[in-house]
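Text of query_33.tsv (TSV, C-alpha atoms and all ligand atoms) as supplied:
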chain	number	residue	atom	x	y	z
A	190	MET	CA	-32.08	80.05	-110.20
A	191	PRO	CA	-33.58	79.54	-106.75
A	192	ARG	CA	-35.41	82.38	-105.08
A	193	PRO	CA	-32.72	84.69	-103.69
A	194	ILE	CA	-33.05	84.11	-99.96
A	195	MET	CA	-30.65	82.27	-97.67
A	196	ALA	CA	-29.99	81.62	-94.00
A	197	THR	CA	-26.28	81.28	-93.29
A	198	ILE	CA	-25.43	79.40	-90.10
A	199	SER	CA	-21.95	80.03	-88.72
A	200	VAL	CA	-20.66	77.08	-86.73
A	201	GLY	CA	-17.62	79.21	-85.88
A	202	ALA	CA	-19.86	81.81	-84.24
A	203	MET	CA	-21.45	79.03	-82.15
A	204	GLN	CA	-18.00	77.94	-80.98
A	205	HIS	CA	-17.07	81.54	-80.29
A	206	ASN	CA	-20.17	82.19	-78.20
A	207	LEU	CA	-19.77	79.01	-76.15
A	208	GLN	CA	-16.13	79.83	-75.55
A	209	ARG	CA	-17.07	83.37	-74.59
A	210	VAL	CA	-19.59	82.13	-72.02
A	211	ALA	CA	-17.30	79.37	-70.73
A	212	SER	CA	-14.23	81.53	-70.39
A	213	SER	CA	-16.10	84.24	-68.51
A	214	LEU	CA	-17.55	81.59	-66.17
A	215	HIS	CA	-14.05	80.21	-65.60
A	216	GLU	CA	-12.55	83.63	-65.06
A	217	GLN	CA	-15.20	84.64	-62.55
A	218	ALA	CA	-15.03	81.28	-60.77
A	219	ARG	CA	-11.26	81.61	-60.47
A	220	GLY	CA	-11.73	85.06	-58.94
A	221	LEU	CA	-14.10	83.54	-56.40
A	222	GLY	CA	-11.81	80.60	-55.75
A	223	ARG	CA	-14.41	78.05	-56.74
A	224	GLU	CA	-15.09	75.51	-59.42
A	225	ALA	CA	-16.63	76.92	-62.60
A	226	PRO	CA	-20.16	75.75	-63.40
A	227	ARG	CA	-20.51	73.06	-66.03
A	228	VAL	CA	-22.43	73.97	-69.15
A	229	TRP	CA	-25.47	72.34	-70.66
A	230	ALA	CA	-25.67	73.90	-74.13
A	231	VAL	CA	-29.40	74.14	-74.77
A	232	ILE	CA	-30.27	72.91	-78.26
A	233	LYS	CA	-34.06	72.51	-77.99
A	234	ALA	CA	-36.27	73.53	-80.92
A	235	ASN	CA	-33.82	72.21	-83.51
A	236	ALA	CA	-31.02	74.22	-81.87
A	237	TYR	CA	-33.16	77.37	-81.79
A	238	GLY	CA	-33.77	76.98	-85.54
A	239	HIS	CA	-30.11	76.45	-86.46
A	240	GLY	CA	-30.23	72.68	-86.94
A	241	LEU	CA	-29.32	69.86	-84.57
A	242	ALA	CA	-26.16	68.91	-86.48
A	243	GLN	CA	-24.89	72.48	-86.17
A	244	GLY	CA	-25.67	72.44	-82.45
A	245	ILE	CA	-23.70	69.24	-81.97
A	246	ALA	CA	-20.74	70.59	-83.97
A	247	GLY	CA	-20.81	74.15	-82.66
A	248	PHE	CA	-21.16	73.11	-79.02
A	249	ALA	CA	-18.82	70.12	-79.16
A	250	ALA	CA	-16.89	71.62	-76.23
A	251	ALA	CA	-19.92	71.83	-73.93
A	252	ASP	CA	-20.14	69.49	-70.93
A	253	GLY	CA	-23.57	68.36	-72.09
A	254	LEU	CA	-26.50	69.10	-74.38
A	255	ALA	CA	-29.98	69.95	-73.09
A	256	MET	CA	-33.19	69.65	-75.11
A	257	LEU	CA	-36.84	68.66	-74.93
A	258	ASP	CA	-37.51	66.06	-77.53
A	259	LEU	CA	-36.73	62.39	-77.00
A	260	ALA	CA	-36.20	61.82	-80.73
A	261	GLU	CA	-33.74	64.73	-80.88
A	262	ALA	CA	-31.85	63.28	-77.91
A	263	VAL	CA	-31.63	59.91	-79.65
A	264	ALA	CA	-30.44	61.68	-82.83
A	265	CYS	CA	-27.63	63.33	-80.82
A	266	ARG	CA	-26.49	59.95	-79.46
A	267	GLU	CA	-26.65	58.44	-82.93
A	268	ALA	CA	-24.59	61.37	-84.24
A	269	GLY	CA	-21.90	60.34	-81.76
A	270	TRP	CA	-22.49	62.66	-78.79
A	271	GLN	CA	-21.14	60.76	-75.78
A	272	ARG	CA	-21.38	63.28	-72.97
A	273	PRO	CA	-24.50	63.85	-70.90
A	274	ILE	CA	-27.79	64.72	-72.59
A	275	MET	CA	-30.49	66.35	-70.52
A	276	LEU	CA	-34.22	66.22	-71.19
A	277	LEU	CA	-35.46	69.51	-69.74
A	278	GLU	CA	-39.09	68.37	-69.39
A	279	GLY	CA	-38.22	64.78	-68.66
A	280	TRP	CA	-40.38	62.25	-70.52
A	281	PHE	CA	-44.09	61.89	-71.18
A	282	GLU	CA	-45.17	58.24	-71.23
A	283	PRO	CA	-44.02	55.07	-69.41
A	284	GLN	CA	-42.53	53.54	-72.59
A	285	ASP	CA	-40.26	56.58	-72.98
A	286	ILE	CA	-38.31	55.42	-69.94
A	287	SER	CA	-36.79	52.51	-71.84
A	288	VAL	CA	-35.48	54.98	-74.47
A	289	VAL	CA	-34.06	57.16	-71.69
A	290	ASP	CA	-32.42	54.04	-70.26
A	291	THR	CA	-31.09	52.71	-73.57
A	292	TYR	CA	-29.52	56.03	-74.59
A	293	GLY	CA	-28.26	57.01	-71.16
A	294	LEU	CA	-30.18	60.29	-70.95
A	295	THR	CA	-30.40	62.57	-67.91
A	296	VAL	CA	-33.93	63.67	-67.08
A	297	SER	CA	-35.80	66.33	-65.23
A	298	VAL	CA	-38.50	64.98	-62.93
A	299	HIS	CA	-40.96	67.81	-62.49
A	300	GLY	CA	-44.19	66.18	-61.37
A	301	GLU	CA	-45.96	63.41	-59.52
A	302	ASP	CA	-46.86	61.50	-62.71
A	303	GLN	CA	-43.22	61.15	-63.69
A	304	LEU	CA	-42.22	60.11	-60.21
A	305	ARG	CA	-44.86	57.38	-60.22
A	306	MET	CA	-43.77	56.16	-63.68
A	307	LEU	CA	-40.21	55.91	-62.39
A	308	GLU	CA	-41.37	53.94	-59.35
A	309	HIS	CA	-42.91	51.37	-61.69
A	310	ALA	CA	-40.01	51.27	-64.16
A	311	ARG	CA	-37.40	48.59	-64.72
A	312	VAL	CA	-34.11	49.87	-66.05
A	313	ALA	CA	-30.85	48.32	-67.14
A	314	ARG	CA	-28.78	51.25	-65.85
A	315	PRO	CA	-29.61	53.90	-63.24
A	316	ILE	CA	-31.06	57.10	-64.71
A	317	HIS	CA	-29.58	60.45	-63.70
A	318	VAL	CA	-32.29	62.76	-62.39
A	319	ASN	CA	-32.74	66.49	-61.74
A	320	LEU	CA	-35.64	67.10	-59.38
A	321	LYS	CA	-37.34	70.25	-60.60
A	322	ILE	CA	-38.66	72.65	-57.98
A	323	ASN	CA	-41.28	75.29	-58.72
A	324	THR	CA	-39.88	78.38	-57.03
A	325	GLY	CA	-42.42	80.83	-58.43
A	326	MET	CA	-42.58	80.51	-62.20
A	327	ASN	CA	-45.53	78.15	-61.84
A	328	ARG	CA	-44.82	76.24	-64.99
A	329	LEU	CA	-43.12	72.96	-64.09
A	330	GLY	CA	-41.81	71.56	-60.84
A	331	PHE	CA	-42.80	70.36	-57.39
A	332	ALA	CA	-44.21	72.99	-55.07
A	333	PRO	CA	-41.72	73.87	-52.32
A	334	HIS	CA	-43.80	72.07	-49.66
A	335	ALA	CA	-43.82	68.87	-51.75
A	336	ALA	CA	-40.20	68.92	-52.87
A	337	GLN	CA	-38.67	67.20	-49.84
A	338	ALA	CA	-41.04	64.21	-50.06
A	339	ALA	CA	-40.33	63.89	-53.80
A	340	TRP	CA	-36.61	63.96	-53.07
A	341	GLN	CA	-36.96	61.16	-50.51
A	342	ARG	CA	-38.78	59.01	-53.06
A	343	LEU	CA	-35.95	59.61	-55.53
A	344	VAL	CA	-33.42	58.65	-52.87
A	345	ALA	CA	-35.36	55.41	-52.35
A	346	LEU	CA	-35.22	54.80	-56.11
A	347	GLN	CA	-31.51	55.48	-56.02
A	348	ARG	CA	-31.09	52.70	-53.43
A	349	ARG	CA	-33.01	50.36	-55.75
A	350	GLY	CA	-30.68	51.23	-58.64
A	351	VAL	CA	-33.38	52.93	-60.71
A	352	VAL	CA	-31.96	56.42	-60.17
A	353	GLY	CA	-28.28	57.25	-60.59
A	354	GLU	CA	-26.89	60.69	-59.83
A	355	LEU	CA	-29.36	63.06	-58.24
A	356	GLY	CA	-29.55	66.81	-58.36
A	357	SER	CA	-32.04	69.63	-58.13
A	358	MET	CA	-33.03	72.32	-60.59
A	359	MET	CA	-35.28	75.36	-61.01
A	360	HIS	CA	-36.02	78.00	-63.61
A	361	PHE	CA	-36.04	81.77	-63.23
A	362	SER	CA	-38.96	83.76	-64.62
A	363	ARG	CA	-37.32	87.19	-64.55
A	364	ALA	CA	-33.54	86.73	-64.53
A	365	ASP	CA	-33.41	89.17	-67.45
A	366	ASP	CA	-35.21	92.08	-65.84
A	367	ASP	CA	-36.12	91.81	-62.16
A	368	PRO	CA	-33.40	91.15	-59.56
A	369	ALA	CA	-35.91	91.21	-56.67
A	370	VAL	CA	-38.08	88.41	-58.08
A	371	THR	CA	-34.94	86.49	-58.98
A	372	ARG	CA	-33.55	86.88	-55.46
A	373	ASP	CA	-36.78	85.52	-53.99
A	374	GLN	CA	-36.80	82.52	-56.31
A	375	LEU	CA	-33.18	81.76	-55.50
A	376	ALA	CA	-33.88	82.01	-51.74
A	377	VAL	CA	-36.68	79.46	-52.04
A	378	PHE	CA	-34.42	77.14	-54.02
A	379	LYS	CA	-31.50	77.45	-51.60
A	380	SER	CA	-33.69	76.78	-48.58
A	381	LEU	CA	-34.70	73.45	-50.13
A	382	ALA	CA	-31.61	72.42	-52.08
A	383	GLY	CA	-29.55	72.69	-48.91
A	384	SER	CA	-31.04	69.39	-47.76
A	385	MET	CA	-30.83	67.80	-51.21
A	386	PRO	CA	-27.20	66.90	-51.85
A	387	GLY	CA	-26.04	66.59	-55.42
A	388	PHE	CA	-25.61	68.95	-58.33
A	389	VAL	CA	-27.70	72.08	-58.78
A	390	SER	CA	-28.92	73.63	-62.01
A	391	VAL	CA	-30.66	76.99	-61.97
A	392	CYS	CA	-29.31	79.34	-64.65
A	393	ASN	CA	-30.62	80.14	-68.14
A	394	SER	CA	-28.68	82.60	-70.35
A	395	ALA	CA	-29.70	85.69	-68.41
A	396	ALA	CA	-28.64	84.16	-65.10
A	397	THR	CA	-25.49	82.57	-66.55
A	398	LEU	CA	-24.42	86.02	-67.73
A	399	THR	CA	-25.12	87.47	-64.27
A	400	PRO	CA	-22.24	86.16	-62.12
A	401	ALA	CA	-23.75	87.60	-58.95
A	402	LEU	CA	-26.49	85.01	-59.40
A	403	TRP	CA	-24.78	81.71	-59.93
A	404	ALA	CA	-22.08	82.69	-57.42
A	405	GLN	CA	-24.72	82.65	-54.67
A	406	LEU	CA	-25.07	78.89	-54.86
A	407	PRO	CA	-22.90	76.98	-52.38
A	408	PRO	CA	-19.39	76.61	-53.86
A	409	GLU	CA	-19.07	72.98	-52.83
A	410	ARG	CA	-22.00	71.97	-55.02
A	411	THR	CA	-21.40	71.07	-58.65
A	412	GLN	CA	-23.37	73.52	-60.70
A	413	TRP	CA	-24.70	73.14	-64.21
A	414	VAL	CA	-25.78	76.29	-66.04
A	415	ARG	CA	-28.19	76.05	-68.98
A	416	PRO	CA	-27.48	78.83	-71.49
A	417	GLY	CA	-29.48	78.80	-74.71
A	418	ILE	CA	-30.11	82.02	-76.58
A	419	CYS	CA	-26.72	83.62	-75.90
A	420	LEU	CA	-24.97	80.70	-77.58
A	421	TYR	CA	-26.77	81.65	-80.79
A	422	GLY	CA	-25.54	85.24	-80.56
A	423	ALA	CA	-28.74	86.90	-79.36
A	424	SER	CA	-29.21	88.70	-76.06
A	425	PRO	CA	-31.45	87.49	-73.24
A	426	PHE	CA	-31.69	91.07	-71.97
A	427	ALA	CA	-33.90	93.83	-73.40
A	428	ASP	CA	-31.36	96.50	-72.47
A	429	ARG	CA	-28.03	94.86	-73.36
A	430	SER	CA	-27.12	93.97	-76.92
A	431	ALA	CA	-25.49	90.71	-77.92
A	432	ALA	CA	-22.57	92.68	-79.37
A	433	ASP	CA	-22.02	94.36	-75.99
A	434	LEU	CA	-21.94	90.89	-74.44
A	435	GLY	CA	-19.20	89.88	-76.88
A	436	LEU	CA	-21.46	87.47	-78.76
A	437	ARG	CA	-21.51	86.91	-82.52
A	438	PRO	CA	-24.69	86.28	-84.52
A	439	VAL	CA	-24.92	82.67	-85.64
A	440	MET	CA	-27.77	83.03	-88.14
A	441	THR	CA	-27.67	85.58	-90.94
A	442	LEU	CA	-30.86	85.89	-92.97
A	443	SER	CA	-30.11	87.47	-96.31
A	444	ALA	CA	-32.00	88.04	-99.57
A	445	ARG	CA	-31.91	90.29	-102.61
A	446	ILE	CA	-33.84	93.17	-104.09
A	447	ILE	CA	-36.05	91.72	-106.84
A	448	ALA	CA	-37.86	94.92	-107.95
A	449	VAL	CA	-37.69	98.67	-107.51
A	450	GLN	CA	-40.65	101.09	-107.49
A	451	GLN	CA	-40.57	104.87	-107.71
A	452	CYS	CA	-43.29	106.26	-105.46
A	453	LEU	CA	-44.44	109.84	-105.79
A	454	PRO	CA	-45.79	111.70	-102.77
A	455	GLY	CA	-49.18	110.26	-101.89
A	456	ALA	CA	-48.45	106.79	-103.29
A	457	SER	CA	-48.82	103.91	-100.82
A	458	VAL	CA	-46.93	100.63	-100.47
A	459	GLY	CA	-48.17	97.09	-99.88
A	460	TYR	CA	-51.25	95.52	-98.27
A	461	GLY	CA	-53.37	97.91	-96.28
A	462	HIS	CA	-51.44	100.89	-97.63
A	463	LEU	CA	-49.78	101.20	-94.23
A	464	TYR	CA	-47.02	103.39	-95.65
A	465	THR	CA	-47.70	106.45	-97.80
A	466	ALA	CA	-44.81	108.37	-99.34
A	467	GLU	CA	-44.48	111.99	-98.27
A	468	HIS	CA	-41.55	112.65	-100.59
A	469	PRO	CA	-40.43	110.94	-103.77
A	470	THR	CA	-39.39	107.51	-102.47
A	471	ARG	CA	-37.45	104.67	-104.09
A	472	VAL	CA	-38.88	101.42	-102.80
A	473	GLY	CA	-37.00	98.14	-103.00
A	474	ILE	CA	-38.92	94.86	-102.96
A	475	VAL	CA	-37.07	92.10	-101.09
A	476	ALA	CA	-37.54	88.36	-101.63
A	477	CYS	CA	-38.43	87.67	-97.99
A	478	GLY	CA	-41.81	87.57	-96.29
A	479	TYR	CA	-43.59	86.12	-93.30
A	480	ALA	CA	-43.74	82.69	-94.95
A	481	ASP	CA	-39.96	82.73	-94.61
A	482	GLY	CA	-40.21	83.49	-90.91
A	483	TYR	CA	-39.79	87.26	-91.08
A	484	PRO	CA	-42.23	88.73	-88.53
A	485	ARG	CA	-45.39	90.20	-90.06
A	486	HIS	CA	-45.70	92.55	-87.10
A	487	ALA	CA	-42.50	94.37	-88.04
A	488	GLY	CA	-43.63	97.73	-89.34
A	489	THR	CA	-42.28	100.81	-91.06
A	490	GLY	CA	-38.94	101.75	-89.54
A	491	THR	CA	-37.74	98.22	-88.71
A	492	PRO	CA	-33.98	98.18	-89.40
A	493	VAL	CA	-32.64	96.38	-92.46
A	494	THR	CA	-29.36	96.59	-94.39
A	495	VAL	CA	-29.18	96.96	-98.17
A	496	ALA	CA	-25.88	96.91	-100.07
A	497	GLY	CA	-24.08	97.27	-96.74
A	498	ARG	CA	-26.04	100.34	-95.65
A	499	ALA	CA	-28.65	100.67	-92.95
A	500	THR	CA	-32.19	101.58	-93.98
A	501	ARG	CA	-35.75	100.79	-92.94
A	502	LEU	CA	-38.72	98.61	-93.75
A	503	LEU	CA	-41.77	100.28	-95.34
A	504	GLY	CA	-45.38	99.21	-94.82
A	505	ARG	CA	-46.72	95.73	-94.16
A	506	VAL	CA	-44.72	92.55	-94.59
A	507	SER	CA	-46.33	90.25	-97.21
A	508	MET	CA	-46.16	86.48	-97.33
A	509	ASP	CA	-43.24	86.36	-99.78
A	510	MET	CA	-41.98	89.94	-99.99
A	511	LEU	CA	-41.32	93.05	-98.02
A	512	ALA	CA	-40.54	96.64	-99.00
A	513	VAL	CA	-37.54	98.73	-97.96
A	514	ASP	CA	-36.59	102.37	-98.39
A	515	LEU	CA	-33.87	102.74	-101.03
A	516	THR	CA	-34.05	106.55	-101.10
A	517	PRO	CA	-30.84	106.92	-99.04
A	518	ILE	CA	-29.07	104.20	-101.09
A	519	PRO	CA	-29.21	105.36	-104.73
A	520	GLU	CA	-26.72	102.71	-105.84
A	521	ALA	CA	-29.03	99.90	-104.67
A	522	THR	CA	-30.91	98.19	-107.46
A	523	VAL	CA	-32.36	94.83	-108.51
A	524	GLY	CA	-29.94	92.18	-107.28
A	525	SER	CA	-28.53	94.25	-104.41
A	526	PRO	CA	-27.88	92.16	-101.30
A	527	VAL	CA	-30.14	92.60	-98.29
A	528	VAL	CA	-29.41	91.46	-94.74
A	529	LEU	CA	-32.61	91.03	-92.73
A	530	TRP	CA	-30.68	90.11	-89.59
A	531	GLY	CA	-27.28	88.79	-88.58
A	532	GLU	CA	-23.71	89.45	-89.72
A	533	GLY	CA	-23.54	92.69	-91.67
A	534	GLY	CA	-27.11	93.67	-90.80
A	535	PRO	CA	-29.30	94.57	-87.83
A	536	SER	CA	-29.28	92.20	-84.86
A	537	VAL	CA	-32.11	89.69	-84.68
A	538	ASP	CA	-32.97	91.34	-81.36
A	539	ALA	CA	-33.44	94.76	-83.00
A	540	VAL	CA	-35.78	93.29	-85.61
A	541	ALA	CA	-37.64	91.34	-82.93
A	542	GLN	CA	-38.05	94.43	-80.80
A	543	ALA	CA	-39.58	96.30	-83.75
A	544	ALA	CA	-42.04	93.42	-84.11
A	545	GLY	CA	-42.95	93.33	-80.41
A	546	THR	CA	-41.23	90.01	-79.78
A	547	VAL	CA	-37.87	88.51	-78.88
A	548	GLY	CA	-34.99	87.19	-80.95
A	549	TYR	CA	-35.77	83.65	-79.73
A	550	GLU	CA	-39.03	83.62	-81.66
A	551	LEU	CA	-37.53	84.81	-84.94
A	552	LEU	CA	-34.66	82.31	-84.85
A	553	CYS	CA	-36.95	79.38	-83.99
A	554	ALA	CA	-39.52	80.43	-86.61
A	555	LEU	CA	-37.21	80.49	-89.63
A	556	ALA	CA	-39.27	78.66	-92.23
A	557	GLN	CA	-38.41	75.29	-93.69
A	558	ARG	CA	-38.48	76.75	-97.21
A	559	VAL	CA	-35.49	79.02	-96.57
A	560	PRO	CA	-32.33	77.32	-97.87
A	561	ARG	CA	-29.54	76.97	-95.29
A	562	ARG	CA	-25.87	77.42	-95.95
A	563	ILE	CA	-23.70	76.01	-93.20
A	564	GLU	CA	-20.47	77.91	-92.71
A	565	PRO	CA	-17.88	75.52	-91.26
A	566	PRO	CA	-15.62	76.82	-88.49
A	567	ALA	CA	-12.27	78.37	-89.36
A	568	SER	CA	-10.51	76.25	-86.73
A	569	PRO	CA	-10.95	72.50	-86.42
A	570	LEU	CA	-13.43	71.14	-83.90
A	571	THR	CA	-11.14	70.12	-81.08
A	572	GLY	CA	-13.62	70.63	-78.27
A	573	ALA	CA	-15.04	67.13	-78.30
A	574	VAL	CA	-11.59	65.82	-77.50
A	575	THR	CA	-10.17	68.48	-75.22
A	576	GLY	CA	-13.28	69.46	-73.31
A	577	MET	CA	-14.44	72.69	-71.83
A	578	ASN	CA	-11.51	73.23	-69.49
A	579	ALA	CA	-8.99	73.14	-72.31
A	580	LEU	CA	-11.24	75.44	-74.31
A	581	ALA	CA	-11.32	77.95	-71.50
A	582	GLY	CA	-7.54	77.97	-71.35
A	583	GLU	CA	-7.09	75.79	-68.27
A	584	SER	CA	-4.88	72.78	-67.97
B	601	LIG	C1	-34.93	77.07	-72.82
B	601	LIG	C2	-34.44	76.76	-71.49
B	601	LIG	C3	-33.20	77.26	-71.07
B	601	LIG	C4	-32.38	78.21	-71.91
B	601	LIG	O1	-32.96	79.49	-71.86
B	601	LIG	P1	-32.27	80.73	-72.59
B	601	LIG	O2	-33.05	81.90	-72.12
B	601	LIG	O3	-32.40	80.48	-74.05
B	601	LIG	O4	-30.86	80.75	-72.15
B	601	LIG	C5	-32.73	76.88	-69.82
B	601	LIG	N1	-33.46	76.07	-69.03
B	601	LIG	C6	-34.66	75.57	-69.39
B	601	LIG	C7	-35.40	74.69	-68.46
B	601	LIG	C8	-35.20	75.91	-70.63
B	601	LIG	O5	-36.38	75.43	-70.98
Output the file's structure in the form of structure tokens.
Amino acid sequence: MPRPIMATISVGAMQHNLQRVASSLHEQARGLGREAPRVWAVIKANAYGHGLAQGIAGFAAADGLAMLDLAEAVACREAGWQRPIMLLEGWFEPQDISVVDTYGLTVSVHGEDQLRMLEHARVARPIHVNLKINTGMNRLGFAPHAAQAAWQRLVALQRRGVVGELGSMMHFSRADDDPAVTRDQLAVFKSLAGSMPGFVSVCNSAATLTPALWAQLPPERTQWVRPGICLYGASPFADRSAADLGLRPVMTLSARIIAVQQCLPGASVGYGHLYTAEHPTRVGIVACGYADGYPRHAGTGTPVTVAGRATRLLGRVSMDMLAVDLTPIPEATVGSPVVLWGEGGPSVDAVAQAAGTVGYELLCALAQRVPRRIEPPASPLTGAVTGMNALAGES
């Protein structure tokens, strides 16, 4: 029998979350009398640890897929994805441009090096480009004072047939927690994008779920939002849970109890003896450790569910095991099911918070050695045919 640990990936939950995001965008846009933003479903990092194939299936109704890796983009095309594919960091070397060209990928152009490579490129078909502007995150993008000149060079490339559709993009650094910083970044973007016709793309999950933000962009411009984490059923906000946002967890990490120890007062558990029993304590040993992707920094008190009941982690997480408190769950024994995070257990965000990190990191860090079980959707995948508008209930 294989080691009793499993990550279940629900393609139905992916569909649900995309539909949830899309229908709220449509509803709000209707209220504002404007066109709803189009959705790039972000599937970088192997679809945030859920697998590229699941991303393609679960987000079949999205207007496009966004990612980082050229090979992943090619894999999506080869898997039959025909709508736009966006490379969020663009490309890295001159020879990549021919792959971008061959597979009809949309790219971000965020720096001078890329612009120069494009000026020396020969392409069979024009490449769709998002000019990335650095509005204060200071990661990627042209500085505001250099953006206009970069745009003019892209317009020249458009005339030569090297560039196809043109748009502008930016990235928020604090859309999840600081409206003032976000307002400033948006003001910088709007002051520049006003003279750069074409589509605009500014919103990650936090901004996509904040209608007051995307609604500030001019209604006549086609907007593409770029939600990632929310589509996987985790929250981009520290103070709002995914459940409150109407999202369903996509990944459920489950395992079993493989041993039980009776600890008398004064007995300690695990490496470093970080937990010492004050009362008689029944300790369950779970077949999950940091080599499976469970965070080692999660300490005593981290939520976990055993046999359907909430309890807590005890002591330090080992490489292959962790300990949980079975004292309040007398019926739990060897073989009892454990949910580390996901459906029927704590949210990945709650576990992440206990470990001083974010749900993103835990989902992306699920280890290769954990077997995956893919749960197919209850309803057939119609999105690829009907598109986002049909999905959101529009004609
Ligand atoms: C990862 C990423 C996103 C998605 O961010 P989430 O917080 O997961 O929604 C959007 N845009 C860019 C440029 C990204 O790199």
*atom CA of Ser394 of chain A and atom CA of Ser430 of chain A, how far apart in Å?*
13.2 Å
Exercise on ligand LIG 601 (chain B), axis-aligned box with 3 Å per side, report centre and edge lengths in Å to one decimal, as JSON:
{"center_x": -33.6, "center_y": 78.3, "center_z": -71.3, "size_x": 11.5, "size_y": 13.2, "size_z": 11.6}
*Hey, which of A:Val391, A:Val351, A:Leu207, A:Leu381 ends up closest to ligand LIG 601 (chain B)? Count all atoms listed in the file.*
A:Val391
*asked:* Neighbouring residues of Ser297 of chain A were defined as those with any atom within 8 Å, considering all atoms listed in the file; residues of the same chain fewer than 3 positions away were excluded. Please report them as number ranges by chain.
replied: A: 275-279, 318-321
_So that I can see what lies close to segment 300-306 of chain A, please list as a VMD selection string the residues with an atom at most 12 Å from it, counting all atoms listed in the file and leaving out residues fewer than 2 positions away in the same chain._
chain A and resid 278 to 287 296 to 298 308 to 312 318 to 323 328 to 332 335 to 336 338 to 346 351 to 352
*Do you know which residues are within 7 Å of ligand LIG 601 (chain B) using all atoms listed in the file? Can you write them as a PyMOL selection string?*
chain A and resi 231+233+277+360+392-395+415-419+425
*Can you list, as JSON, numbers by chain, every protein, DNA or RNA residue that comes within 12 Å of Pro438 of chain A when you count only C-alpha atoms, leaving out same-chain residues fewer than 3 positions away?*
{"A": [196, 197, 198, 199, 200, 201, 202, 203, 204, 205, 206, 239, 418, 419, 420, 421, 422, 423, 424, 430, 431, 432, 434, 435, 441, 442, 530, 531, 532, 533, 534, 535, 536, 537, 538, 548, 552]}
*asked:* Can you measure atom CA of Ala250 of chain A to atom CA of Glu216 of chain A for me? One decimal in Å is fine.
replied: 17.0 Å
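If you look at atom CA of Gly461 of chain A and atom CA of Pro193 of chain A, they are 25.6 Å away from each other.
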Counting only C-alpha atoms, which residues of segment 385-466 of chain A fall within 12 Å of segment 501-508 of chain A, and what is the closest atom pair for each with its distance in Å at one decimal, ordered by chain and rising number, as a Markdown table?
| residue | atom | partner | partner_atom | distance |
| --- | --- | --- | --- | --- |
| A:Cys452 | CA | A:Leu503 | CA | 11.9 |
| A:Ala456 | CA | A:Gly504 | CA | 11.8 |
| A:Ser457 | CA | A:Gly504 | CA | 8.4 |
| A:Val458 | CA | A:Gly504 | CA | 6.0 |
| A:Gly459 | CA | A:Arg505 | CA | 6.1 |
| A:Tyr460 | CA | A:Arg505 | CA | 6.1 |
| A:Gly461 | CA | A:Arg505 | CA | 7.3 |
| A:His462 | CA | A:Gly504 | CA | 6.9 |
| A:Leu463 | CA | A:Gly504 | CA | 4.9 |
| A:Tyr464 | CA | A:Gly504 | CA | 4.6 |
| A:Thr465 | CA | A:Gly504 | CA | 8.2 |
| A:Ala466 | CA | A:Leu503 | CA | 9.5 |
Residues from the last selection, C-alpha atoms, saved as a CSV table (one decimal), in the frame of the given file:
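Result written to result25.csv:
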chain,number,residue,atom,x,y,z
A,452,CYS,CA,-43.3,106.3,-105.5
A,456,ALA,CA,-48.4,106.8,-103.3
A,457,SER,CA,-48.8,103.9,-100.8
A,458,VAL,CA,-46.9,100.6,-100.5
A,459,GLY,CA,-48.2,97.1,-99.9
A,460,TYR,CA,-51.2,95.5,-98.3
A,461,GLY,CA,-53.4,97.9,-96.3
A,462,HIS,CA,-51.4,100.9,-97.6
A,463,LEU,CA,-49.8,101.2,-94.2
A,464,TYR,CA,-47.0,103.4,-95.6
A,465,THR,CA,-47.7,106.4,-97.8
A,466,ALA,CA,-44.8,108.4,-99.3
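Residue nearest Ser357 of chain A within the list A:Gln542, A:Thr399, A:Gln374, A:Ser390: A:Ser390 [criterion: smallest interatomic distance, all atoms listed in the file].
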*Please provide as a list in words all residues within 12 Å of Ser380 of chain A, with the sequence filter that same-chain residues fewer than 6 positions apart are discarded (counting all atoms listed in the file).*
Ile322, Thr324, Pro333, His334, Ala336, Gln337, Asp373, Gln374, Leu406 and Pro407 of chain A
